[in-house]
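Report on the structure given below.
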Amino acid sequence: MAILNILEFPDPRLRTIAKPVDTVDDALRQLIDDMFETMYEAPGIGLAATQINVHKRLVVMDLSEDRSEPRVFINPEFETLTDEVEQYQEGCLSVPGFYETVERPQKVRIKALDRDGQPFELIAEGLLAVCIQHECDHLNGKLFVDYLSTLKRDRIKKKLEKLHRQQA
């Protein structure tokens with residue numbers, strides 16, 4: 001397994017729209033394993049392939065404290081099941097060190113393929129619903145900062161650009 005490089009805002013590659021996965025094979029399962037290792041190392045609870053500059057519709061997630069509930073979503077799609085929205089404090093491995101309140105639908109239905117290419121469907125509420133929406137946004141070239149005011153987004157962008165210059 002390998003720790004992969006996570007792209008950071010405002011990297012334009014984060015705006016790439018991911019393509020559907022055609023074949024679930026050993027190479028894809030290796031990528032999934034590498035993504036889990038990268039996500040756990042970061043540490044985070046979700047990672048979209050777009051964040052590691054792989055533009056396939058693939059998400060890994062583990063909301064457990066002890067890393068015991070790894071979830072794989074290949075070609076995920078979700079539909080909103082309620083008009084009720086909830087405010088959540090969101091962060092992102094591609095926007096390190098920043099947490100902001102974002103409103104998202106409270107309940108969604110997710111359809112995807114698992115790591116073996118088998119279709120599944122589940123109803124998600126709370127953190128799982130927020131996380132799947134956040135990661136699907138990545139697959140569509142969108143970041144949680146896009147939900148913020150222009151002023152907040154620009155402030156975060158400037159701070160991360162400065163940090164990137166200092167690290168270079």
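Numbering starts fresh at 1 for the residues of each chain in the structure tokens, the chains themselves are lettered A, B, ... in the order given, and ligands are numbered from 1 as they appear.
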
Assign secondary structure with DSSP using the backbone only, and return the residues of chain A in alpha helix (DSSP H) as a ChimeraX atom specification. /A:26-41,126-139,150-167

Hey, could you make a per-residue contact list for stretch 36-125 of chain A against stretch 9-22 of chain A with 8 Å as the cut-off, showing the nearest pair of atoms and its distance in Å to one decimal, counting only C-alpha atoms, sorted by chain and number, as CSV?
residue,atom,partner,partner_atom,distance
A:Thr50,CA,A:Leu14,CA,6.2
A:Gln51,CA,A:Leu14,CA,6.3
A:Asn53,CA,A:Arg13,CA,6.7
A:Val54,CA,A:Ala18,CA,7.9
A:His55,CA,A:Ala18,CA,4.3
A:Lys56,CA,A:Ala18,CA,4.7
A:Arg57,CA,A:Pro20,CA,5.1
A:Leu58,CA,A:Val21,CA,7.6
A:Ile74,CA,A:Val21,CA,7.0
A:Asn75,CA,A:Pro20,CA,5.7
A:Ser94,CA,A:Phe9,CA,5.7
A:Val95,CA,A:Phe9,CA,5.7

Take the residues from that selection and write them out as a tab-separated table (two decimals), in the first residue's frame, keeping all heavy atoms.
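Ended up saving to result_26.tsv:
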chain	number	residue	atom	x	y	z
A	50	THR	N	-10.73	12.21	-6.64
A	50	THR	CA	-10.34	13.51	-7.18
A	50	THR	C	-9.28	14.18	-6.32
A	50	THR	O	-8.38	14.84	-6.83
A	50	THR	CB	-11.58	14.43	-7.29
A	50	THR	OG1	-12.54	13.79	-8.12
A	50	THR	CG2	-11.24	15.79	-7.84
A	51	GLN	N	-9.36	13.98	-5.01
A	51	GLN	CA	-8.42	14.63	-4.09
A	51	GLN	C	-7.00	14.10	-4.23
A	51	GLN	O	-6.06	14.75	-3.76
A	51	GLN	CB	-8.89	14.45	-2.64
A	51	GLN	CG	-10.18	15.19	-2.35
A	51	GLN	CD	-10.66	14.89	-0.95
A	51	GLN	OE1	-11.40	13.95	-0.72
A	51	GLN	NE2	-10.20	15.70	0.00
A	53	ASN	N	-5.85	13.28	-7.28
A	53	ASN	CA	-5.60	13.50	-8.70
A	53	ASN	C	-5.88	12.25	-9.55
A	53	ASN	O	-5.23	12.01	-10.56
A	53	ASN	CB	-4.17	14.01	-8.94
A	53	ASN	CG	-4.03	14.72	-10.27
A	53	ASN	OD1	-4.97	15.32	-10.78
A	53	ASN	ND2	-2.85	14.66	-10.84
A	54	VAL	N	-6.86	11.47	-9.11
A	54	VAL	CA	-7.37	10.33	-9.91
A	54	VAL	C	-8.82	10.68	-10.19
A	54	VAL	O	-9.63	10.75	-9.26
A	54	VAL	CB	-7.25	9.00	-9.16
A	54	VAL	CG1	-7.92	7.88	-9.95
A	54	VAL	CG2	-5.79	8.66	-8.88
A	55	HIS	N	-9.16	10.91	-11.43
A	55	HIS	CA	-10.47	11.46	-11.75
A	55	HIS	C	-11.47	10.37	-12.13
A	55	HIS	O	-12.01	10.33	-13.23
A	55	HIS	CB	-10.31	12.58	-12.78
A	55	HIS	CG	-9.38	13.62	-12.25
A	55	HIS	ND1	-9.73	14.48	-11.24
A	55	HIS	CD2	-8.07	13.88	-12.52
A	55	HIS	CE1	-8.70	15.24	-10.93
A	55	HIS	NE2	-7.68	14.89	-11.69
A	56	LYS	N	-11.68	9.48	-11.14
A	56	LYS	CA	-12.67	8.40	-11.24
A	56	LYS	C	-13.69	8.61	-10.13
A	56	LYS	O	-13.36	9.11	-9.05
A	56	LYS	CB	-11.99	7.03	-11.04
A	56	LYS	CG	-11.00	6.69	-12.13
A	56	LYS	CD	-10.39	5.32	-11.87
A	56	LYS	CE	-9.43	4.96	-12.98
A	56	LYS	NZ	-8.82	3.66	-12.77
A	57	ARG	N	-14.91	8.15	-10.37
A	57	ARG	CA	-15.98	8.32	-9.38
A	57	ARG	C	-15.84	7.24	-8.30
A	57	ARG	O	-16.46	6.20	-8.35
A	57	ARG	CB	-17.35	8.30	-10.06
A	57	ARG	CG	-17.48	9.47	-11.06
A	57	ARG	CD	-18.85	9.67	-11.58
A	57	ARG	NE	-19.74	10.28	-10.60
A	57	ARG	CZ	-19.73	11.57	-10.26
A	57	ARG	NH1	-18.87	12.40	-10.80
A	57	ARG	NH2	-20.58	12.03	-9.37
A	58	LEU	N	-14.99	7.55	-7.34
A	58	LEU	CA	-14.62	6.61	-6.28
A	58	LEU	C	-14.44	7.37	-4.97
A	58	LEU	O	-13.75	8.39	-4.94
A	58	LEU	CB	-13.32	5.89	-6.66
A	58	LEU	CG	-12.66	5.01	-5.60
A	58	LEU	CD1	-13.57	3.85	-5.19
A	58	LEU	CD2	-11.33	4.49	-6.13
A	74	ILE	N	-18.33	3.19	-5.25
A	74	ILE	CA	-17.89	3.32	-6.63
A	74	ILE	C	-19.09	3.83	-7.44
A	74	ILE	O	-20.19	3.28	-7.32
A	74	ILE	CB	-17.40	1.97	-7.18
A	74	ILE	CG1	-16.21	1.46	-6.35
A	74	ILE	CG2	-17.02	2.08	-8.66
A	74	ILE	CD1	-15.83	0.01	-6.62
A	75	ASN	N	-18.87	4.87	-8.22
A	75	ASN	CA	-19.94	5.53	-8.99
A	75	ASN	C	-21.13	5.91	-8.11
A	75	ASN	O	-22.29	5.62	-8.45
A	75	ASN	CB	-20.40	4.64	-10.16
A	75	ASN	CG	-19.29	4.38	-11.16
A	75	ASN	OD1	-18.36	5.15	-11.31
A	75	ASN	ND2	-19.39	3.25	-11.84
A	94	SER	N	-8.43	18.45	1.71
A	94	SER	CA	-7.92	19.34	0.67
A	94	SER	C	-7.97	20.81	1.07
A	94	SER	O	-7.51	21.68	0.32
A	94	SER	CB	-8.70	19.14	-0.64
A	94	SER	OG	-8.42	17.87	-1.19
A	95	VAL	N	-8.53	21.09	2.23
A	95	VAL	CA	-8.57	22.45	2.78
A	95	VAL	C	-8.12	22.34	4.24
A	95	VAL	O	-8.90	22.57	5.17
A	95	VAL	CB	-9.99	23.08	2.67
A	95	VAL	CG1	-9.97	24.56	3.02
A	95	VAL	CG2	-10.57	22.89	1.27

Residues at most 7 Å from stretch 83-86 of chain A, counting only C-alpha atoms, excluding those fewer than 5 positions away in the same chain, as JSON, numbers by chain? {"A": [103, 104, 105, 106]}

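Near A:Arg109, within a cut-off of 10 Å and counting only C-alpha atoms, sit the residues Glu77, Phe78, Glu79, Thr80, Leu81, Glu121, Leu122, Ile123, Ala124, Glu125, Ala129 and Ile132 of chain A, with same-chain residues fewer than 6 positions away left out.
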
For atom CA of A:Asn140 and atom CA of A:Ala48, quote the distance in Å rounded to one decimal.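 A separation of 10.3 Å between them.
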
So which residues touch A:Gln118 within 10 Å, counting only C-alpha atoms, skipping near sequence neighbours fewer than 3 positions away, as a PyMOL selection string? chain A and resi 24+74+112-115

Would you save the residues of that selection, restricted to all heavy atoms, as a PDB file, in the first residue's frame?
ATOM      1  N   VAL A  24     -14.387  -2.846 -12.236  1.00  0.00           N
ATOM      2  CA  VAL A  24     -13.899  -3.055 -10.876  1.00  0.00           C
ATOM      3  C   VAL A  24     -12.964  -4.259 -10.934  1.00  0.00           C
ATOM      4  O   VAL A  24     -13.401  -5.389 -11.137  1.00  0.00           O
ATOM      5  CB  VAL A  24     -15.065  -3.291  -9.888  1.00  0.00           C
ATOM      6  CG1 VAL A  24     -14.536  -3.562  -8.498  1.00  0.00           C
ATOM      7  CG2 VAL A  24     -16.011  -2.090  -9.897  1.00  0.00           C
ATOM      8  N   ILE A  74     -18.333   3.190  -5.249  1.00  0.00           N
ATOM      9  CA  ILE A  74     -17.894   3.322  -6.630  1.00  0.00           C
ATOM     10  C   ILE A  74     -19.091   3.827  -7.438  1.00  0.00           C
ATOM     11  O   ILE A  74     -20.191   3.282  -7.324  1.00  0.00           O
ATOM     12  CB  ILE A  74     -17.396   1.965  -7.180  1.00  0.00           C
ATOM     13  CG1 ILE A  74     -16.211   1.460  -6.345  1.00  0.00           C
ATOM     14  CG2 ILE A  74     -17.020   2.081  -8.659  1.00  0.00           C
ATOM     15  CD1 ILE A  74     -15.830   0.011  -6.624  1.00  0.00           C
ATOM     16  N   ALA A 112     -24.624   2.920  -5.132  1.00  0.00           N
ATOM     17  CA  ALA A 112     -23.224   2.807  -5.550  1.00  0.00           C
ATOM     18  C   ALA A 112     -22.882   1.335  -5.750  1.00  0.00           C
ATOM     19  O   ALA A 112     -23.727   0.450  -5.544  1.00  0.00           O
ATOM     20  CB  ALA A 112     -22.305   3.419  -4.498  1.00  0.00           C
ATOM     21  N   LEU A 113     -21.628   1.100  -6.131  1.00  0.00           N
ATOM     22  CA  LEU A 113     -21.077  -0.247  -6.193  1.00  0.00           C
ATOM     23  C   LEU A 113     -20.094  -0.390  -5.033  1.00  0.00           C
ATOM     24  O   LEU A 113     -19.434   0.587  -4.650  1.00  0.00           O
ATOM     25  CB  LEU A 113     -20.326  -0.474  -7.513  1.00  0.00           C
ATOM     26  CG  LEU A 113     -21.113  -0.272  -8.807  1.00  0.00           C
ATOM     27  CD1 LEU A 113     -20.189  -0.454 -10.017  1.00  0.00           C
ATOM     28  CD2 LEU A 113     -22.291  -1.223  -8.883  1.00  0.00           C
ATOM     29  N   ASP A 114     -19.974  -1.611  -4.497  1.00  0.00           N
ATOM     30  CA  ASP A 114     -18.999  -1.848  -3.433  1.00  0.00           C
ATOM     31  C   ASP A 114     -17.647  -2.215  -4.042  1.00  0.00           C
ATOM     32  O   ASP A 114     -17.478  -2.201  -5.267  1.00  0.00           O
ATOM     33  CB  ASP A 114     -19.503  -2.913  -2.452  1.00  0.00           C
ATOM     34  CG  ASP A 114     -19.634  -4.298  -3.066  1.00  0.00           C
ATOM     35  OD1 ASP A 114     -19.077  -4.556  -4.158  1.00  0.00           O
ATOM     36  OD2 ASP A 114     -20.285  -5.155  -2.433  1.00  0.00           O
ATOM     37  N   ARG A 115     -16.666  -2.578  -3.211  1.00  0.00           N
ATOM     38  CA  ARG A 115     -15.310  -2.842  -3.712  1.00  0.00           C
ATOM     39  C   ARG A 115     -15.234  -4.050  -4.642  1.00  0.00           C
ATOM     40  O   ARG A 115     -14.244  -4.240  -5.331  1.00  0.00           O
ATOM     41  CB  ARG A 115     -14.292  -2.921  -2.572  1.00  0.00           C
ATOM     42  CG  ARG A 115     -14.328  -4.170  -1.748  1.00  0.00           C
ATOM     43  CD  ARG A 115     -13.233  -4.207  -0.677  1.00  0.00           C
ATOM     44  NE  ARG A 115     -11.946  -4.527  -1.246  1.00  0.00           N
ATOM     45  CZ  ARG A 115     -10.838  -3.811  -1.068  1.00  0.00           C
ATOM     46  NH1 ARG A 115     -10.848  -2.735  -0.317  1.00  0.00           N
ATOM     47  NH2 ARG A 115      -9.708  -4.187  -1.612  1.00  0.00           N
TER      48      ARG A 115
END

Extract the full set of strand (DSSP E) residues from stretch 39-158 of chain A according to DSSP on the backbone, and format it as a ChimeraX atom specification. /A:46-48,58-61,71-80,85-92,95-105,107-113,119-125
